[in-house]
Structure formats: C-alpha cells, structure tokens
Amino acid sequence: MRTIESKRRRAPGRAPVAAICRTRREAAGAAASLRRAGFDPRRISIVANDYPTREAAARLEDWRALAPSWVTVGCLNAIGAGLEGLGIPKGGLRRCRGALRSDAILVVVHAAPEEALRARRACRRK
C-alpha cells in the first residue's frame, strides 16, 4: 500500500492523505486501522471503481460501517478534480487515477495538517 500526502495547503486546516490499496481486504484494514487510531469515520472516504454486479454493490453497502463516506467512480476526471480540490498533489493525482483504472481502492483521510503523519502511519499498519 502506498500513501500520498498533500504537500501544499489549498484549504486551511486540511492535509488529506490517500492510501492506494490493491484489495478490498487491504482497504478495509486501512479504514479499520484509522478508526482504531482515533480518526472520525466521517473523515474517512473509500473510493472504488464502479462495479455493475449486484454482489459488488452489496459489498460496498457493507462498507458503510467502516466509512460512511464512500464513492463509486464512473468518471475518473471527476474524482481527480475532487482529490485536487482536497489538496492532493498532481503526481499523486496521476497515481490515484492509474490505481483506480487498475481496480485498486483509495482510502482518503481528511486530516488536519498535524494529523497527517499519524494518518499515514495508521494506513500502513493495517
């Protein structure tokens, strides 16, 4: 799992951290680790590519317990714009879009600048 941290501050008081997870199990572990580290579940978002099957939709519904803010993406430009608005750097945006194209999952933490290191460590812990 790789993490991407904002190096610039577009919005005061925000320093998002994005973890690229290769499997659903890895993403669930990262979200659970963030919750154990004390992050509010409302500040954790899970972003996955849109899956048309009912089974996949049911799995995404189960994730509401891990992170109330989850997004399925049909248009990668829209998610790129959203991540850029949060303050993810351009290089990180390219990695995030590429990861979503290859069916990876993003776990994004909307952290305060002083919490960014703690969020990055929690994502890696799983």
# chains A, B, ... in the order shown; residues from 1 in each chain; ligands from 1
call {"tool": "residues_around", "arguments": {"residues": "segment 14-17 of chain A", "least_positions_apart": "5", "cutoff": "12 Å", "atoms": "only C-alpha atoms", "output": "VMD selection string"}}
result
chain A and resid 2 to 9 30 34 43 to 46 82 to 89 92 to 93 96 106 to 124
call {"tool": "atom_distance", "arguments": {"atom1": "atom CA of Ile105 of chain A", "atom2": "atom CA of Ala31 of chain A"}}
result
11.4 Å
call {"tool": "atom_distance", "arguments": {"atom1": "atom CA of Arg125 of chain A", "atom2": "atom CA of Arg95 of chain A"}}
result
20.9 Å
call {"tool": "atom_distance", "arguments": {"atom1": "atom CA of Ile79 of chain A", "atom2": "atom CA of Pro41 of chain A"}}
result
20.0 Å
